[in-house]
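Below is one structure, written out as structure tokens, with a few remarks after it.
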Amino acid sequence: MSGESTRHVLVVDDERIIREGCRRVLERDGFQVVTSENSESALRLIDRRGRFCAALVDLKLPGMDGIEFIVRMRQVDEDIVPIVITGYASIETAIEATRKGAYSYVPKPFTPEELLLPVRQGVEKRALAIEARALREERERHLLDLAFERSRCRSVIQCMRDGVLVANREGNVVLRNEAAGAIFYPEGPAELPAPVSELRCPKLENLLTDTLSPQSGTIVLTTEIPIHKAVYMATASPVISDNGQSLGAVAVLRDITEWKKLEETKSVFVGMVAHEVKNPLAAIEGLLNVVLDDAAGGPAEERDLLRRALARAGALRCMVSELISLMAMDTGRFALRRTPCEIRGLIQEAVDACRDQAEQKSIELRLESGESPPTALLDRNAVLTVFSNLIDNAIKYSPSGTCVCVRIAWDKSFVRVAVQDQGIGMTAAEQRNVFDEFYRVKNESTRGIPGTGLGLTLARRIVEMHHGTIHLESTPGKGSRFTVTLPIQTEHMGPLSEGPPAPPRSRVT
Amino acid sequence: MNNHSQAILLLDDDPDFLTIGRSILESGGHRVIHATAVDEAWEYLRTEKPCLIITDLMMDALDAGFDFARRLKADERFRDIPVIILTGIASRRGYDFTPRSREELRSMEADAYLEKPLTADVLLGKVAELMAKREKDETP
């Protein structure tokens with residue numbers, strides 16, 4: 001505040017000669033002087049705190065007297081040092097003036113020195129008082145900050161979802177947050193400080209002991225700890241004071257149970273992929289070995305074995321590319337490229353692609369549709385994959401002489417394509433699993449039917465990316481019907497977001 | 001090559017592996033009866049007794065081959081038939097069926113354990129070994 005160092009002195013006296021006398025004396029000493037002949041106009045001059053450092057006030061003033069003026073002045077700025085000057089000197093008025101807040105009392109007539117001395121002293125005292133107050137305020141604010149800081153720290157630690165636990169050098173738990181309490185004392189809180197051994201968790205105890213040992217320095221230790229069916233990643237680091245001394249150790253426990261499950265799911269999946277790749281490779285190798293070992297029996301048999309090897313290689317390549325598509329969807333690298341697609345043309349193309357396959361098995365492949373089905377914004381290739389897979393499956397799992405029927409229906413917002421067969425059908429349990437990766441219905445009637453176990457998984461993912469649904473109804477021995485419902489989205493409606501977030505890759509069984 | 005009157009029963013649910021096994025065995029002069037399911041194999045066993053049984057491990061169930069071998073060894077009529085278990089997988093979902101010792105192999109109720117892909121040398125060698133052993137056992 002600039003007012004703290006002000007050198008302005010206010011002189012209030014109705015006698016001009018006194019006012020000018022004061023001005024001369026004070027200005028010679030480096031003060032700046034403002035004068036007033038009555039209380040009212042003087043009060044108006046004190047427009048803000050810190051405007052004046054001292055006020056010389058005549059006790060006898062016209063209107064509001066000097067003592068009243070001092071009281072009013074101090075209400076505006078209590079730091080102004082009031083010095084009373086008066087010609088009617090008496091003990092009583094001196095006491096009265098002091099009681100009302102006057103710092104000093106200068107009787108008239110006065111010498112320059114008699115006036116200057118109390119002004120200098122008063123101004124000095126004022127500066128000291130202001131400084132002391134500033135220091136006091138500073139300290140109070142600091143304490144407040146400190147208290148706030150501490151409670152904030154505590155709140156932050158309490159709110160953390162990770163368990164936080166602090167042990168001192170003696171190996172006692174001196175602080176822990178609620179999450180840590182919930183991990184170790186699910187039944188309720190226990191007293192602190194308590195020995196780490198009471199946690200009954202040797203791995204955490206060892207971790208803290210290792211961290212507390214002087215050799216470990218500032219090393220951060222991490223370990224996995226199973227507690228009450230959950231798995232925690234525990235990280236411990238030493239608590240070092242400003243002067244480098246070890247005060248204790250802080251352990252943070254993060255619940256990684258879900259993450260571990262996901263990891264397991266992932267490795268199961270990788271194991272399944274490895275198996276699904278190894279099996280056809282072993283078949284290809286075996287078939288080729290037979291030919292090379294001249295064990296086939298004749299040229300015709302050799303050709304047959306080579307043809308089989310080729311078919312297995314083709315199926316394997318198909319599986320790997322489906323796998324690549326699924327992986328791309330999982331990592332968000334598979335973006336739909338939507339273009340306006342005429343539904344009938346698209347479905348017709350999928351049906352035509354399966355025509356030969358159906359004829360080989362003497363299966364009637366029928367496409368039923370009303371007049372001019374709508375056009376929708378779809379990723380043509382992706383949707384073609386969906387229906388090729390569904391029709392291909394329907395043919396594969398149907399006996400000769402039956403019919404596979406594809407029906408297109410629609411309303412204002414959705415197009416529904418059903419692929420119905422009179423095939424072997426599925427049990428309820430099989431229906432539940434049929435969209436899972438590598439799941440294939442295995443029984444008497446499916447033996448020898450080739451497939452990757454990924455076609456339906458991929459189909460469902462593509463349909464879901466289009467914000468559609470895929471629905472299955474099936475009766476064992478009677479047949480299955482897959483119904484795909486896709487929103488009819490035209491360009492006028494603007495693009496939808498790119499599909500729902502990827503569901504977890506595989507089920508943990 | 002010797003032409004046994006008794007056939008070898010080959011069981012695998014993958015038609016390509018059946019073809020591979022059959023081709024190899026026939027090239028070795030063996031007569032082969034093949035089945036794609038355990039039920040089918042039992043059906044055959046009702047009427048004829050093979051000299052050797054070769055079965056895939058994983059068919060409908062994860063350990064269908066073990067189960068089949070166990071049932072054969074538990075049956076008076078088939079106990080003396082040597083059994084070879086074939087597998088395309090050394091491990092799946094953490095299971096590793098590869099026997100590490102003779103005892104483990106015996107506990108599988110199998111006389112031999114072979115991993116796919118099969119080569120003529122390995123399969124025919126193992127078949128010859130088991131047949132010779134059986135003939136020796138039968139000679140008092």
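The way I read the labels, and the way they are meant: chains A, B, ... in the order of the structure tokens, residue 1 as the first residue of every chain, and ligand 1 as the first ligand shown, with later ones counted on from there.
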Return the neighbours of chain B among the residues of chain A, cut-off 6 Å, counting only C-alpha atoms, as a ChimeraX atom specification. /A:268,279,282,286-287,295-296
Just N, CA and C atoms for this one: save the residues we selected as a PDB file, in the first residue's frame.
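Generated output (out_21.pdb):
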ATOM      1  N   VAL A 268      -6.226 -66.365 -23.104  1.00  0.00           N
ATOM      2  CA  VAL A 268      -7.059 -67.493 -23.553  1.00  0.00           C
ATOM      3  C   VAL A 268      -7.358 -67.332 -25.036  1.00  0.00           C
ATOM      4  N   ASN A 279      -3.978 -76.123 -36.043  1.00  0.00           N
ATOM      5  CA  ASN A 279      -4.705 -77.299 -36.503  1.00  0.00           C
ATOM      6  C   ASN A 279      -4.735 -77.421 -38.035  1.00  0.00           C
ATOM      7  N   ALA A 282      -1.287 -78.170 -39.358  1.00  0.00           N
ATOM      8  CA  ALA A 282      -0.896 -79.573 -39.171  1.00  0.00           C
ATOM      9  C   ALA A 282      -1.548 -80.438 -40.243  1.00  0.00           C
ATOM     10  N   GLY A 286       0.481 -82.530 -42.924  1.00  0.00           N
ATOM     11  CA  GLY A 286       0.238 -83.975 -42.983  1.00  0.00           C
ATOM     12  C   GLY A 286      -0.119 -84.413 -44.393  1.00  0.00           C
ATOM     13  N   LEU A 287      -1.013 -83.629 -45.050  1.00  0.00           N
ATOM     14  CA  LEU A 287      -1.431 -83.967 -46.414  1.00  0.00           C
ATOM     15  C   LEU A 287      -0.237 -83.930 -47.364  1.00  0.00           C
ATOM     16  N   ALA A 295       2.832 -92.009 -50.205  1.00  0.00           N
ATOM     17  CA  ALA A 295       1.902 -92.866 -49.473  1.00  0.00           C
ATOM     18  C   ALA A 295       0.470 -92.669 -49.938  1.00  0.00           C
ATOM     19  N   ALA A 296       0.290 -91.817 -50.956  1.00  0.00           N
ATOM     20  CA  ALA A 296      -1.076 -91.471 -51.364  1.00  0.00           C
ATOM     21  C   ALA A 296      -1.769 -92.636 -52.067  1.00  0.00           C
TER      22      ALA A 296
END
List every residue of region 158-353 of chain A that DSSP, applied to the backbone, labels as helix (DSSP H, G or I), and write the result as number ranges by chain. A: 158-159, 178-184, 196-199, 202-212, 214-216, 257-292, 299-330, 343-353
Emit the selected residues as a short mmCIF file (atom, residue, chain, number, x, y, z; two decimals), in the first residue's frame, including C-alpha atoms.
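Contents of result28.cif, freshly written:
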data_model
loop_
_atom_site.label_atom_id
_atom_site.label_comp_id
_atom_site.auth_asym_id
_atom_site.auth_seq_id
_atom_site.Cartn_x
_atom_site.Cartn_y
_atom_site.Cartn_z
CA GLN A 158 -9.17 -39.86 1.36
CA CYS A 159 -10.89 -39.53 -2.00
CA GLU A 178 -10.58 -45.13 3.48
CA ALA A 179 -9.78 -47.28 0.45
CA ALA A 180 -6.86 -48.90 2.30
CA GLY A 181 -9.12 -49.41 5.30
CA ALA A 182 -11.69 -51.14 3.12
CA ILE A 183 -9.03 -53.47 1.73
CA PHE A 184 -7.63 -54.61 5.06
CA VAL A 196 2.14 -53.36 9.84
CA SER A 197 2.09 -57.03 10.86
CA GLU A 198 -1.50 -56.56 11.99
CA LEU A 199 -2.54 -56.19 8.36
CA PRO A 202 3.13 -60.76 4.51
CA LYS A 203 3.73 -59.56 0.97
CA LEU A 204 2.83 -55.98 1.85
CA GLU A 205 4.76 -56.24 5.09
CA ASN A 206 7.86 -57.37 3.18
CA LEU A 207 7.37 -54.62 0.65
CA LEU A 208 7.24 -51.96 3.37
CA THR A 209 10.17 -53.50 5.27
CA ASP A 210 12.27 -53.55 2.11
CA THR A 211 11.36 -49.95 1.37
CA LEU A 212 12.22 -48.90 4.94
CA PRO A 214 18.38 -47.98 4.58
CA GLN A 215 19.92 -49.79 1.61
CA SER A 216 16.86 -49.31 -0.57
CA THR A 257 -8.50 -57.50 -10.50
CA GLU A 258 -10.44 -56.51 -13.62
CA TRP A 259 -7.25 -55.86 -15.49
CA LYS A 260 -5.91 -59.29 -14.56
CA LYS A 261 -9.16 -60.87 -15.74
CA LEU A 262 -8.88 -59.03 -19.03
CA GLU A 263 -5.31 -60.17 -19.35
CA GLU A 264 -6.36 -63.76 -18.78
CA THR A 265 -9.18 -63.42 -21.30
CA LYS A 266 -6.66 -62.11 -23.75
CA SER A 267 -4.23 -64.96 -23.27
CA VAL A 268 -7.06 -67.49 -23.55
CA PHE A 269 -7.98 -65.80 -26.80
CA VAL A 270 -4.41 -65.87 -28.07
CA GLY A 271 -4.26 -69.57 -27.12
CA MET A 272 -7.44 -70.20 -29.09
CA VAL A 273 -6.09 -68.35 -32.11
CA ALA A 274 -2.85 -70.33 -31.89
CA HIS A 275 -4.81 -73.58 -31.80
CA GLU A 276 -7.10 -72.57 -34.64
CA VAL A 277 -4.06 -71.74 -36.75
CA LYS A 278 -2.02 -74.75 -35.75
CA ASN A 279 -4.71 -77.30 -36.50
CA PRO A 280 -5.15 -76.52 -40.22
CA LEU A 281 -1.39 -76.09 -40.59
CA ALA A 282 -0.90 -79.57 -39.17
CA ALA A 283 -3.47 -80.87 -41.66
CA ILE A 284 -1.74 -79.14 -44.57
CA GLU A 285 1.63 -80.47 -43.44
CA GLY A 286 0.24 -83.97 -42.98
CA LEU A 287 -1.43 -83.97 -46.41
CA LEU A 288 1.75 -82.77 -48.12
CA ASN A 289 3.84 -85.32 -46.21
CA VAL A 290 1.65 -88.13 -47.47
CA VAL A 291 2.21 -86.98 -51.06
CA LEU A 292 5.96 -86.57 -50.60
CA PRO A 299 -1.79 -89.81 -58.95
CA ALA A 300 -5.53 -89.34 -58.50
CA GLU A 301 -5.21 -89.70 -54.72
CA GLU A 302 -2.26 -87.30 -54.73
CA ARG A 303 -4.34 -84.68 -56.52
CA ASP A 304 -7.09 -85.17 -53.99
CA LEU A 305 -4.70 -84.66 -51.08
CA LEU A 306 -3.21 -81.54 -52.68
CA ARG A 307 -6.68 -80.17 -53.31
CA ARG A 308 -7.54 -80.75 -49.63
CA ALA A 309 -4.32 -79.02 -48.54
CA LEU A 310 -5.20 -76.06 -50.73
CA ALA A 311 -8.71 -75.89 -49.27
CA ARG A 312 -7.30 -75.91 -45.71
CA ALA A 313 -4.82 -73.16 -46.64
CA GLY A 314 -7.62 -71.09 -48.15
CA ALA A 315 -9.80 -71.52 -45.07
CA LEU A 316 -6.87 -70.56 -42.87
CA ARG A 317 -6.21 -67.41 -44.86
CA CYS A 318 -9.90 -66.56 -44.64
CA MET A 319 -9.82 -67.02 -40.86
CA VAL A 320 -6.73 -64.86 -40.51
CA SER A 321 -8.30 -62.03 -42.51
CA GLU A 322 -11.47 -62.24 -40.40
CA LEU A 323 -9.27 -62.11 -37.35
CA ILE A 324 -7.49 -59.05 -38.70
CA SER A 325 -10.87 -57.34 -39.25
CA LEU A 326 -11.97 -58.15 -35.69
CA MET A 327 -8.69 -56.86 -34.29
CA ALA A 328 -9.01 -53.68 -36.32
CA MET A 329 -12.52 -53.18 -34.87
CA ASP A 330 -11.20 -53.68 -31.36
CA ILE A 343 -30.56 -52.92 -50.44
CA ARG A 344 -31.92 -55.30 -53.01
CA GLY A 345 -28.81 -55.13 -55.18
CA LEU A 346 -26.59 -55.68 -52.17
CA ILE A 347 -28.48 -58.74 -50.94
CA GLN A 348 -28.71 -60.10 -54.49
CA GLU A 349 -24.93 -59.92 -54.71
CA ALA A 350 -24.53 -61.90 -51.47
CA VAL A 351 -27.04 -64.50 -52.69
CA ASP A 352 -25.29 -64.82 -56.08
CA ALA A 353 -21.95 -65.35 -54.36
#
What's around Val406 (chain A) at 6 Å? Count only C-alpha atoms, leave out sequence neighbours fewer than 3 positions away in its own chain, and write the answer as a PDB file with C-alpha atoms, in the first residue's frame.
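Output below, filename selection.pdb:
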ATOM      1  CA  LEU A 367     -34.623 -64.227 -52.441  1.00  0.00           C
ATOM      2  CA  ALA A 418     -33.933 -62.576 -42.614  1.00  0.00           C
ATOM      3  CA  VAL A 419     -31.925 -65.627 -43.647  1.00  0.00           C
TER       4      VAL A 419
END
Nearest to Phe414 (chain A) among A:Ser237, A:Thr469, A:Thr35, A:Asn381, with distances taken over only C-alpha atoms: which residue is it? A:Thr469
For the strand (DSSP E) assignment from backbone DSSP, which residues of region 6-140 of chain B qualify? Please present them as a ChimeraX atom specification. /B:8-11,32-35,52-56,83-87,91-92,95-96,112-115
Could you give me, as an NGL selection string, the residues within 7 Å of Leu9 (chain B), counting only C-alpha atoms and dropping anything in the same chain fewer than 4 positions from it? :B and (32-34 or 50 or 52-54)
I need the residues from that last selection saved to file as an mmCIF file, in the first residue's frame (with C-alpha atoms), if you can.
data_model
loop_
_atom_site.group_PDB
_atom_site.id
_atom_site.type_symbol
_atom_site.label_atom_id
_atom_site.label_comp_id
_atom_site.auth_asym_id
_atom_site.auth_seq_id
_atom_site.Cartn_x
_atom_site.Cartn_y
_atom_site.Cartn_z
ATOM 1 C CA VAL B 32 -7.846 -99.370 -42.129
ATOM 2 C CA ILE B 33 -11.306 -98.886 -40.729
ATOM 3 C CA HIS B 34 -12.071 -95.265 -40.015
ATOM 4 C CA PRO B 50 -8.984 -104.359 -34.573
ATOM 5 C CA LEU B 52 -4.592 -101.441 -33.130
ATOM 6 C CA ILE B 53 -6.583 -98.319 -32.348
ATOM 7 C CA ILE B 54 -5.444 -94.803 -33.240
#
Would you list the contacts of Leu57 (chain B) as a list in words, taking every protein, DNA or RNA residue within 8 Å and counting only C-alpha atoms, but skipping same-chain residues closer than 3 positions in sequence?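 Residues meeting the cut-off are Leu62, Asp63, Ala64, Gly65, Phe66, Ile85, Leu86 and Thr87 of chain B.
Pairwise distance (CA of Leu59 (chain A), CA of Ala97 (chain A)) equals 8.4 Å.
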Residues near Glu48 (chain B), cut-off 12 Å, only C-alpha atoms, skip fewer than 5 positions along chain, as a list in words: Ser5, Gln6, Ala7, Ile8, Leu9, Ile33, Ala41, Trp42, Glu43, Arg77 and Phe78 of chain B
I'd like the interatomic distance between CA of Val164 (chain A) and CA of Val252 (chain A), to a tenth of an Å.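 Going from CA of Val164 (chain A) over to CA of Val252 (chain A), I get 4.7 Å.
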Nearest to Ile391 (chain A) by atom-to-atom distance, counting only C-alpha atoms, from A:Gly21, A:Gly455, A:Pro476, A:Gly122: A:Gly455
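For the pair CA of Gly125 (chain B) and CA of Tyr113 (chain B), the interatomic distance is 12.8 Å.
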